[in-house]
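S.K.: To be precise about what I am sending: the file is called start-v9.txt and holds compact mmCIF, C-alpha atoms.
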# COMPACT_ATOMS: atom_id res chain seq x y z
CA MET A 1 37.08 53.52 286.84
CA ARG A 2 33.52 54.50 285.78
CA VAL A 3 34.78 57.83 284.49
CA LEU A 4 37.38 56.05 282.38
CA ILE A 5 34.79 53.62 280.99
CA LEU A 6 32.38 56.49 280.25
CA SER A 7 35.17 58.42 278.55
CA VAL A 8 35.99 55.44 276.35
CA VAL A 9 32.31 54.95 275.50
CA VAL A 10 31.95 58.63 274.59
CA LEU A 11 35.06 58.46 272.39
CA VAL A 12 33.80 55.31 270.64
CA ILE A 13 30.34 56.77 270.08
CA GLY A 14 31.83 60.03 268.83
CA GLY A 15 34.10 58.12 266.49
CA LEU A 16 31.16 56.12 265.17
CA GLY A 17 29.18 59.32 264.61
CA ALA A 18 32.06 60.83 262.68
CA ALA A 19 32.40 57.64 260.64
CA VAL A 20 28.69 57.73 259.80
CA LEU A 21 28.91 61.39 258.75
CA TRP A 22 31.98 60.65 256.63
CA ALA A 23 30.24 57.68 254.98
CA ARG A 24 27.17 59.82 254.18
CA ALA A 25 29.34 62.56 252.66
CA GLU A 26 31.23 59.97 250.64
CA ALA A 27 27.95 58.46 249.37
CA ALA A 28 26.61 61.89 248.41
CA GLU A 29 29.80 62.69 246.52
CA GLN A 30 29.65 59.33 244.73
CA GLN A 31 26.02 60.00 243.76
CA ALA A 32 26.98 63.39 242.31
CA VAL A 33 29.78 61.78 240.29
CA THR A 34 27.39 59.08 239.09
CA GLU A 35 24.83 61.71 238.01
CA ARG A 36 27.49 63.64 236.07
CA LEU A 37 28.68 60.45 234.35
CA ARG A 38 25.10 59.59 233.48
CA ALA A 39 24.61 63.03 231.92
CA GLU A 40 27.81 62.60 229.91
CA GLU A 41 26.60 59.18 228.71
CA LEU A 42 23.29 60.71 227.65
CA TYR A 43 25.14 63.46 225.83
CA ALA A 44 27.36 60.93 224.05
CA ALA A 45 24.33 58.84 223.07
CA THR A 46 22.59 61.92 221.71
CA LEU A 47 25.64 62.91 219.68
CA ALA A 48 25.96 59.38 218.31
CA ALA A 49 22.30 59.42 217.26
CA GLU A 50 22.79 62.78 215.54
CA LEU A 51 25.84 61.54 213.65
CA ALA A 52 23.86 58.54 212.42
CA ASP A 53 21.03 60.77 211.21
CA ASP A 54 21.25 61.60 207.48
CA ASP A 55 18.93 64.61 207.71
CA ALA A 56 21.00 67.61 208.87
CA ASP A 57 17.92 69.63 209.83
CA ASP A 58 16.69 66.93 212.21
CA ALA A 59 20.16 66.52 213.70
CA ASP A 60 20.39 70.18 214.69
CA GLU A 61 17.16 70.27 216.66
CA SER A 62 15.25 67.60 218.51
CA GLU A 63 13.01 67.25 221.53
CA GLU A 64 12.33 64.08 223.47
CA VAL A 65 9.99 63.78 226.45
CA VAL A 66 11.80 61.96 229.25
CA PRO A 67 10.49 60.72 232.60
CA LEU A 68 11.57 62.87 235.54
CA ALA A 69 13.23 59.79 237.02
CA ASP A 70 15.61 59.76 234.02
CA VAL A 71 16.61 63.40 234.43
CA PRO A 72 19.93 63.76 236.32
CA GLU A 73 19.39 64.92 239.89
CA PHE A 74 21.75 67.89 239.46
CA VAL A 75 19.55 69.16 236.60
CA LYS A 76 16.40 68.95 238.73
CA GLN A 77 18.18 70.56 241.67
CA ALA A 78 19.46 73.43 239.50
CA ALA A 79 15.87 74.11 238.38
CA ARG A 80 14.58 74.01 241.97
CA ASP A 81 17.41 76.29 243.13
CA ALA A 82 16.65 78.76 240.33
CA VAL A 83 12.91 78.80 241.12
CA PRO A 84 12.44 78.08 244.84
CA GLY A 85 9.17 76.26 245.49
CA LEU A 86 8.97 74.86 241.94
CA VAL A 87 7.09 71.56 241.74
CA LEU A 88 8.42 69.57 238.78
CA ASP A 89 6.01 67.50 236.70
CA GLU A 90 7.67 66.70 233.35
CA ALA A 91 10.86 67.12 231.34
CA GLU A 92 12.28 67.11 227.84
CA ARG A 93 15.78 66.53 226.56
CA GLU A 94 16.43 68.99 223.73
CA THR A 95 19.18 69.43 221.20
CA GLU A 96 19.64 72.82 219.58
CA GLY A 97 22.57 73.55 217.33
CA GLY A 98 24.33 70.43 218.60
CA ALA A 99 24.02 71.47 222.27
CA VAL A 100 22.01 69.21 224.58
CA HIS A 101 20.02 70.57 227.51
CA TYR A 102 16.99 69.69 229.60
CA CYS A 103 13.73 71.62 229.83
CA VAL A 104 12.05 70.82 233.12
CA HIS A 105 8.45 71.93 233.52
CA GLY A 106 6.54 72.52 236.68
CA THR A 107 4.34 74.89 238.59
CA LEU A 108 4.91 77.59 241.15
CA ASP A 109 1.84 78.94 242.93
CA GLY A 110 -0.35 77.54 240.13
CA GLU A 111 1.69 79.18 237.35
CA PHE A 112 3.48 77.14 234.65
CA VAL A 113 7.28 77.46 234.76
CA GLU A 114 9.87 76.05 232.35
CA VAL A 115 13.55 75.98 233.29
CA GLU A 116 16.22 75.09 230.73
CA VAL A 117 19.34 73.55 232.28
CA GLY A 118 22.56 72.61 230.48
CA LEU A 119 24.52 69.42 231.04
CA ASP A 120 26.95 71.46 233.13
CA GLY A 121 24.14 72.34 235.56
CA ALA A 122 23.91 75.96 234.38
CA VAL A 123 20.43 77.46 234.14
CA LEU A 124 20.06 78.70 230.56
CA GLU A 125 16.54 80.18 230.65
CA ILE A 126 13.49 80.50 232.88
CA GLU A 127 10.04 81.05 231.37
CA HIS A 128 6.89 81.83 233.34
CA GLY A 129 3.38 81.64 231.93
CA ASP A 130 1.49 79.35 229.58
CA ASP A 131 2.93 76.00 228.56
CA GLU A 132 2.70 76.44 224.80
CA ASP A 133 5.86 76.01 222.72
CA ASP A 134 7.27 79.20 221.22
Taking this structure as input, can you express it in the form of structure tokens?
M.R.:
Amino acid sequence: MRVLILSVVVLVIGGLGAAVLWARAEAAEQQAVTERLRAEELYAATLAAELADDDADDADESEEVVPLADVPEFVKQAARDAVPGLVLDEAERETEGGAVHYCVHGTLDGEFVEVEVGLDGAVLEIEHGDDEDD
């Protein structure tokens, strides 16, 4: 009888563990979807602002400093994956030729690093060295 009870307890605990793992995976997937939707909303807002702008030169290129908390997690993760050990400290949302991307800045071993990441999560450029604009 004890063996049967222990077997049932093990099955229940194992089932609960699997349910917890499934719930965590589901939450992570939902967060990724939310981040992508947020990036698409930011892109749409940027395009709307550009369409409302009468000055074509300003519409083609813009830079806006944004708090790191407002940068989609997949953008920050793409930068950290591209430069392992990168410590992020600031970010900009840039529009060039109608394309929106993020420039995340940070340091690696005391050296300034800038990583440009598109809204699709692709790393567009990595620059090492001083933090002056080109």
S.K.: Please compute the CA of Glu41 in chain A-CA of Gly97 in chain A distance, one decimal, in Å.
M.R.: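 Answer for the CA of Glu41 in chain A to CA of Gly97 in chain A separation: 18.8 Å.
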S.K.: Using all atoms listed in the file, which protein or nucleic acid residues come within 8 Å of Glu61 in chain A? Drop anything in the same chain fewer than 4 positions from it, and give the result as a VMD selection string.
M.R.: chain A and resid 57 94 to 98
S.K.: Quick one: pull the distance between CA of Glu127 in chain A and CA of Val113 in chain A, Å, one decimal.
M.R.: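 Atom-to-atom, CA of Glu127 in chain A and CA of Val113 in chain A are spaced 5.7 Å apart.
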S.K.: Given the choices A:Ser62, A:Leu47, A:Ala39, A:Thr34, which gets closest to Gly118 in chain A if the distance is worked out from all atoms listed in the file?
M.R.: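 Ranked by minimum distance to Gly118 in chain A, first place goes to A:Ala39.
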S.K.: Which polymer residues, whether protein, DNA or RNA, lie within 8 Å of the coordinate (10.6, 72.8, 239.3) when you count all atoms listed in the file? List them as a PyMOL selection string, using the chain letters and numbers from the file.
M.R.: chain A and resi 76+79-80+83-89+104-108+113-115
S.K.: I'd like the interatomic distance between CA of Phe112 in chain A and CA of Ala91 in chain A, to a tenth of an Å.
M.R.: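 Rounded to one decimal, the two atoms are 12.9 Å apart.
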S.K.: Under the rule that all atoms listed in the file are counted, which of A:Val66, A:Tyr43, A:Phe74, A:Gly129 is the nearest residue to Val117 in chain A?
M.R.: A:Phe74
